[in-house]
Amino acid sequence: MAKILVIDDDAEFLEMLRVLLEKRAGHQAMLSADGQEGLEKAIESPPDLAILDVMMPGVTGYEICRALRANPATEEIPIIILTARGQPVDRQAALDAGADDFMSKPVTMDELMEKINKLLARQQIAKLVPFTGTVTLLSLRGGVGVTTLAVNLATTLAQAKGGHACLIDHSVSSGQVALQLGLRPKPNLNDLIQAGTIDAEKVQSTLIQHDSGLHILASSIVPLAGQEIPPDLTRNLLAILDQQFVVTIIDAPSTLNRATMVALEATDLIGLVIAPEAGSIQTAIGTLGALKPWSKKVRVILNQTMPGASPPTEAIERAIKRRLMTAIPYDPAQSKAISQRAPLSTTKPDSPLAQAVRELAQTLE
Amino acid sequence: MENRSSPTWLVADFFTHSYRISGRLNVRHRLLADQLNNPTSDFLQIEDTYISNVEHPADIMASQTSAILYKKNVTTVVTAQQQDGLPREHSYGNYFGAYTRKVFMTVPSFEIEGYLRLSGKLDLRTVLTSGTDDFITILDGSMRFSIRPDISFSGGAILINKRYIGAFCMEEE
């Protein structure tokens, strides 16, 4: 049960929301028809989420939003701005005032509940994910679901970190990250390679953004023959992104090329992804040897990419001489998620894969 | 046949040359177009009024519980829902023989694009001169502020005061 503050001068709407929040969703509703009074209530007893109308006599929703963000007791509260003024300029004004989301009236109660649940879930994840830094996900054997894990982990972290997360498709010719997220990979990493030297502005203009808030440095779908990522570019890129984002995820290619080695050096954690099959385990044993210089920051993630029986966890751990950090279960919804270009972490947060990735995000340290 | 009851209150953005006035209009279960085109009254009374300068359209510079608008000075009205701005001849399923044409027009401070629903023979001049209605309705419209094209407004319907139309262009089929 969450405590939800609603400030709106429309008495009928307040009553409707009280019924919706308390009777239907089981939350505790704090209602106020007066902006100033509502603000005082919020500061006195901070809610878990606030819904603000913009157009109210005396004080506007934007002003309340800024006041909530300026107060240490309420600065982290998710805020939905709800208004009859529904133009793009109004959406921008709401986001500029510090709102997390914006809805224009009339709204259906289902739409509103969906937003409320999404923001509450994000807030919950944010509390549970303390990790900041860079994670590289890697497997020298293809087809074990590295990109799927990277996309789901990155979108989970983006939701937890209020969009301050970046995912790099660290390859010159895959474009898989953008494809899984349903984004057009333009601009992409190749634009940075062609530019030669990079700075923060250039990097920022090369990022594309997903609805989850995640920023993506995509790679091109069209292969560039004979092209490699210059190691210096990776070094500078990671330094720049470290300044701009709380978390960076690197989806590394299946080769330990020079740029990948630079990424592994700079990263805080290396997630070695393996599948429960002999070929993948054999490759992992060899890879762990190659990753010896960074042994302390290597974590092994078992990803069950296929249905059916698999070797016992203990047997896998014995073979690789390491404990598994986590095991991601097989999720039948994953193949559909790829074809729909919508990661399960955002579309089906209760699916086995999304839950396992959320637990993985919570255990990163 | 569609079974839709008209609302009593309708929220819309009313634009004059320099101001955006948002508020609720009591349409008394009738159509917004009827109120705007009603020749027996020069005024519109709107409630819960919020006024912004068009150059800063999200900044509320004044708010009042009630306001009167002089209809002759209203250049456009933007509604979120298409059905809220439809004229009587095109509302409630009266679409027989109707077709749409993409149009572009200018009014002071704004350039407007959208779709005009027509019935009968296509004649640019007739659209502007026939009938006694002061406002014509553009569907799925968007309007850009002429001197700041980054400022734009869009809606299911835009009702435009014919007296302020400068250029009126229609795309050929």
# chains A, B, ... in the order shown; residues from 1 in each chain; ligands from 1
>>> closest_atom_pairs(of="chain A", to="chain B", cutoff="7 Å", atoms="only C-alpha atoms", output="JSON lines")
{"residue": "A:Pro57", "atom": "CA", "partner": "B:Ser63", "partner_atom": "CA", "distance": 6.7}
{"residue": "A:Ala84", "atom": "CA", "partner": "B:Val11", "partner_atom": "CA", "distance": 6.8}
{"residue": "A:Gln87", "atom": "CA", "partner": "B:Phe153", "partner_atom": "CA", "distance": 5.9}
{"residue": "A:Val89", "atom": "CA", "partner": "B:Ala58", "partner_atom": "CA", "distance": 6.0}
{"residue": "A:Asp90", "atom": "CA", "partner": "B:Ala58", "partner_atom": "CA", "distance": 5.3}
{"residue": "A:Ala93", "atom": "CA", "partner": "B:Ala58", "partner_atom": "CA", "distance": 6.2}
>>> write_last_selection(atoms="all heavy atoms", output="CSV table (one decimal), in the first residue's frame")
chain,number,residue,atom,x,y,z
A,57,PRO,N,-6.5,27.7,-8.6
A,57,PRO,CA,-6.4,29.1,-8.2
A,57,PRO,C,-5.3,29.2,-7.2
A,57,PRO,O,-5.1,28.3,-6.4
A,57,PRO,CB,-7.8,29.3,-7.6
A,57,PRO,CG,-8.7,28.2,-8.0
A,57,PRO,CD,-7.8,27.0,-8.3
A,84,ALA,N,-5.7,19.8,-17.9
A,84,ALA,CA,-6.5,20.0,-19.1
A,84,ALA,C,-5.8,20.6,-20.2
A,84,ALA,O,-6.2,20.6,-21.3
A,84,ALA,CB,-7.8,20.8,-18.7
A,87,GLN,N,-1.1,20.4,-24.4
A,87,GLN,CA,-0.2,20.7,-25.6
A,87,GLN,C,1.2,20.2,-25.3
A,87,GLN,O,1.7,20.2,-24.1
A,87,GLN,CB,-0.3,22.1,-25.9
A,87,GLN,CG,-1.6,22.6,-26.4
A,87,GLN,CD,-2.0,22.0,-27.8
A,87,GLN,OE1,-1.1,21.6,-28.5
A,87,GLN,NE2,-3.3,21.9,-28.0
A,89,VAL,N,3.9,21.9,-25.4
A,89,VAL,CA,4.5,22.9,-24.5
A,89,VAL,C,4.2,22.7,-23.1
A,89,VAL,O,5.0,23.0,-22.2
A,89,VAL,CB,4.2,24.4,-24.9
A,89,VAL,CG1,4.8,24.8,-26.3
A,89,VAL,CG2,2.7,24.6,-24.9
A,90,ASP,N,3.0,22.2,-22.8
A,90,ASP,CA,2.6,22.0,-21.4
A,90,ASP,C,3.4,20.8,-20.9
A,90,ASP,O,3.8,20.7,-19.7
A,90,ASP,CB,1.1,21.7,-21.3
A,90,ASP,CG,0.3,22.9,-21.9
A,90,ASP,OD1,0.7,24.1,-21.5
A,90,ASP,OD2,-0.5,22.7,-22.7
A,93,ALA,N,6.8,21.9,-20.1
A,93,ALA,CA,6.8,22.7,-18.8
A,93,ALA,C,6.7,21.9,-17.6
A,93,ALA,O,7.3,22.1,-16.6
A,93,ALA,CB,5.6,23.7,-18.9
>>> residues_around(residues="Ala195 of chain A", least_positions_apart="6", cutoff="12 Å", atoms="only C-alpha atoms", output="JSON, numbers by chain")
{"A": [187, 188, 189, 202, 203, 206, 229, 230, 233]}
>>> closest_residue(among="A:Ala342, A:Ser104, A:Glu76, A:Asp251", to="Gln180 of chain A", atoms="only C-alpha atoms")
A:Ala342
>>> atom_distance(atom1="atom CA of Arg18 of chain A", atom2="atom CA of Glu44 of chain A")
20.2 Å
>>> residues_around(residues="Thr16 of chain B", least_positions_apart="6", cutoff="10 Å", atoms="only C-alpha atoms", output="PyMOL selection string")
chain B and resi 53-54+69-77+108-109
>>> write_last_selection(atoms="all heavy atoms", output="compact mmCIF listing (two decimals), in the first residue's frame")
# COMPACT_ATOMS: atom_id res chain seq x y z
N ASN B 53 0.72 34.24 -22.33
CA ASN B 53 1.15 34.92 -23.54
C ASN B 53 1.55 33.85 -24.55
O ASN B 53 2.18 32.85 -24.17
CB ASN B 53 2.36 35.81 -23.19
CG ASN B 53 2.74 36.72 -24.32
OD1 ASN B 53 3.00 36.25 -25.43
ND2 ASN B 53 2.76 38.01 -24.04
N VAL B 54 1.23 34.04 -25.80
CA VAL B 54 1.52 32.99 -26.78
C VAL B 54 3.02 32.72 -26.88
O VAL B 54 3.44 31.59 -27.17
CB VAL B 54 0.95 33.38 -28.17
CG1 VAL B 54 1.37 32.37 -29.22
CG2 VAL B 54 -0.56 33.43 -28.11
N LEU B 69 -15.12 36.17 -23.28
CA LEU B 69 -14.32 36.39 -24.49
C LEU B 69 -15.20 37.04 -25.54
O LEU B 69 -16.36 36.63 -25.73
CB LEU B 69 -13.80 35.07 -25.05
CG LEU B 69 -12.83 34.24 -24.21
CD1 LEU B 69 -12.35 33.05 -25.02
CD2 LEU B 69 -11.64 35.08 -23.78
N TYR B 70 -14.62 38.01 -26.22
CA TYR B 70 -15.32 38.65 -27.32
C TYR B 70 -15.03 37.80 -28.56
O TYR B 70 -13.89 37.72 -29.02
CB TYR B 70 -14.80 40.09 -27.48
CG TYR B 70 -15.56 40.91 -28.49
CD1 TYR B 70 -16.96 40.91 -28.53
CD2 TYR B 70 -14.88 41.73 -29.39
CE1 TYR B 70 -17.64 41.67 -29.45
CE2 TYR B 70 -15.56 42.50 -30.30
CZ TYR B 70 -16.95 42.46 -30.34
OH TYR B 70 -17.63 43.22 -31.26
N LYS B 71 -16.05 37.14 -29.09
CA LYS B 71 -15.85 36.13 -30.14
C LYS B 71 -15.14 36.68 -31.37
O LYS B 71 -14.36 35.99 -32.00
CB LYS B 71 -17.20 35.53 -30.55
CG LYS B 71 -17.76 34.56 -29.53
CD LYS B 71 -18.86 33.68 -30.10
CE LYS B 71 -20.15 34.42 -30.28
NZ LYS B 71 -21.28 33.54 -30.59
N LYS B 72 -15.42 37.97 -31.68
CA LYS B 72 -14.81 38.54 -32.88
C LYS B 72 -13.28 38.62 -32.75
O LYS B 72 -12.57 38.68 -33.75
CB LYS B 72 -15.37 39.94 -33.14
CG LYS B 72 -16.80 39.91 -33.69
CD LYS B 72 -17.23 41.29 -34.15
CE LYS B 72 -18.49 41.27 -34.99
NZ LYS B 72 -19.64 40.62 -34.34
N ASN B 73 -12.78 38.62 -31.51
CA ASN B 73 -11.33 38.70 -31.32
C ASN B 73 -10.66 37.33 -31.15
O ASN B 73 -9.44 37.25 -31.00
CB ASN B 73 -10.99 39.56 -30.10
CG ASN B 73 -11.16 41.04 -30.40
OD1 ASN B 73 -11.18 41.42 -31.57
ND2 ASN B 73 -11.33 41.84 -29.37
N VAL B 74 -11.45 36.28 -31.15
CA VAL B 74 -10.88 34.93 -31.04
C VAL B 74 -10.47 34.48 -32.44
O VAL B 74 -11.29 34.46 -33.36
CB VAL B 74 -11.92 33.95 -30.45
CG1 VAL B 74 -11.39 32.51 -30.48
CG2 VAL B 74 -12.26 34.35 -29.02
N THR B 75 -9.18 34.18 -32.60
CA THR B 75 -8.74 33.75 -33.93
C THR B 75 -8.95 32.24 -34.13
O THR B 75 -9.40 31.82 -35.18
CB THR B 75 -7.24 34.08 -34.17
OG1 THR B 75 -6.49 33.62 -33.05
CG2 THR B 75 -7.02 35.55 -34.35
N THR B 76 -8.61 31.47 -33.10
CA THR B 76 -8.76 30.01 -33.22
C THR B 76 -9.17 29.41 -31.87
O THR B 76 -8.90 29.99 -30.82
CB THR B 76 -7.45 29.31 -33.65
OG1 THR B 76 -6.46 29.58 -32.68
CG2 THR B 76 -6.97 29.77 -35.01
N VAL B 77 -9.76 28.23 -31.93
CA VAL B 77 -10.06 27.45 -30.72
C VAL B 77 -9.57 26.02 -30.98
O VAL B 77 -9.88 25.45 -32.02
CB VAL B 77 -11.58 27.42 -30.42
CG1 VAL B 77 -11.85 26.67 -29.13
CG2 VAL B 77 -12.15 28.83 -30.34
N PRO B 108 -3.38 35.76 -38.22
CA PRO B 108 -2.35 36.53 -37.54
C PRO B 108 -1.65 35.70 -36.45
O PRO B 108 -2.32 35.06 -35.64
CB PRO B 108 -3.13 37.70 -36.92
CG PRO B 108 -4.29 37.86 -37.85
CD PRO B 108 -4.65 36.49 -38.29
N SER B 109 -0.34 35.69 -36.50
CA SER B 109 0.54 34.99 -35.54
C SER B 109 0.67 33.48 -35.78
O SER B 109 1.56 32.86 -35.21
CB SER B 109 0.12 35.18 -34.08
OG SER B 109 0.06 36.53 -33.75
>>> atom_distance(atom1="atom CA of Ala239 of chain A", atom2="atom CA of Asn190 of chain A")
18.3 Å
>>> atom_distance(atom1="atom CA of Ile147 of chain B", atom2="atom CA of Leu128 of chain B")
25.7 Å
>>> residues_around(residues="Met56 of chain A", least_positions_apart="5", cutoff="8 Å", atoms="only C-alpha atoms", output="JSON, numbers by chain")
{"A": [8, 9, 34, 35, 61]}
>>> select_by_dssp(residues="segment 24-79 of chain B", states="strand (DSSP E)", output="count of residues only")
27
>>> residues_around(residues="Thr108 of chain A", least_positions_apart="5", cutoff="12 Å", atoms="only C-alpha atoms", output="CSV table (one decimal) with N, CA and C atoms, in the first residue's frame")
chain,number,residue,atom,x,y,z
A,13,PHE,N,-13.5,15.1,-9.2
A,13,PHE,CA,-12.4,14.3,-9.6
A,13,PHE,C,-11.7,13.8,-8.4
A,16,MET,N,-13.6,10.9,-7.1
A,16,MET,CA,-13.4,9.7,-8.0
A,16,MET,C,-12.0,9.0,-7.8
A,17,LEU,N,-11.0,9.9,-7.6
A,17,LEU,CA,-9.7,9.3,-7.3
A,17,LEU,C,-9.6,8.6,-6.0
A,20,LEU,N,-11.0,5.3,-6.5
A,20,LEU,CA,-10.1,4.5,-7.3
A,20,LEU,C,-8.9,4.0,-6.5
A,82,LEU,N,-1.2,16.4,-14.0
A,82,LEU,CA,-2.4,16.0,-14.7
A,82,LEU,C,-3.1,17.3,-15.0
A,103,MET,N,0.1,13.8,-17.8
A,103,MET,CA,-1.1,13.3,-18.5
A,103,MET,C,-2.1,14.4,-18.8
A,113,MET,N,-4.0,4.6,-13.5
A,113,MET,CA,-3.5,3.5,-12.6
A,113,MET,C,-2.2,2.9,-13.1
A,114,GLU,N,-2.2,2.8,-14.5
A,114,GLU,CA,-1.0,2.2,-15.1
A,114,GLU,C,0.2,3.1,-14.8
A,115,LYS,N,0.0,4.4,-14.9
A,115,LYS,CA,1.1,5.3,-14.7
A,115,LYS,C,1.5,5.3,-13.2
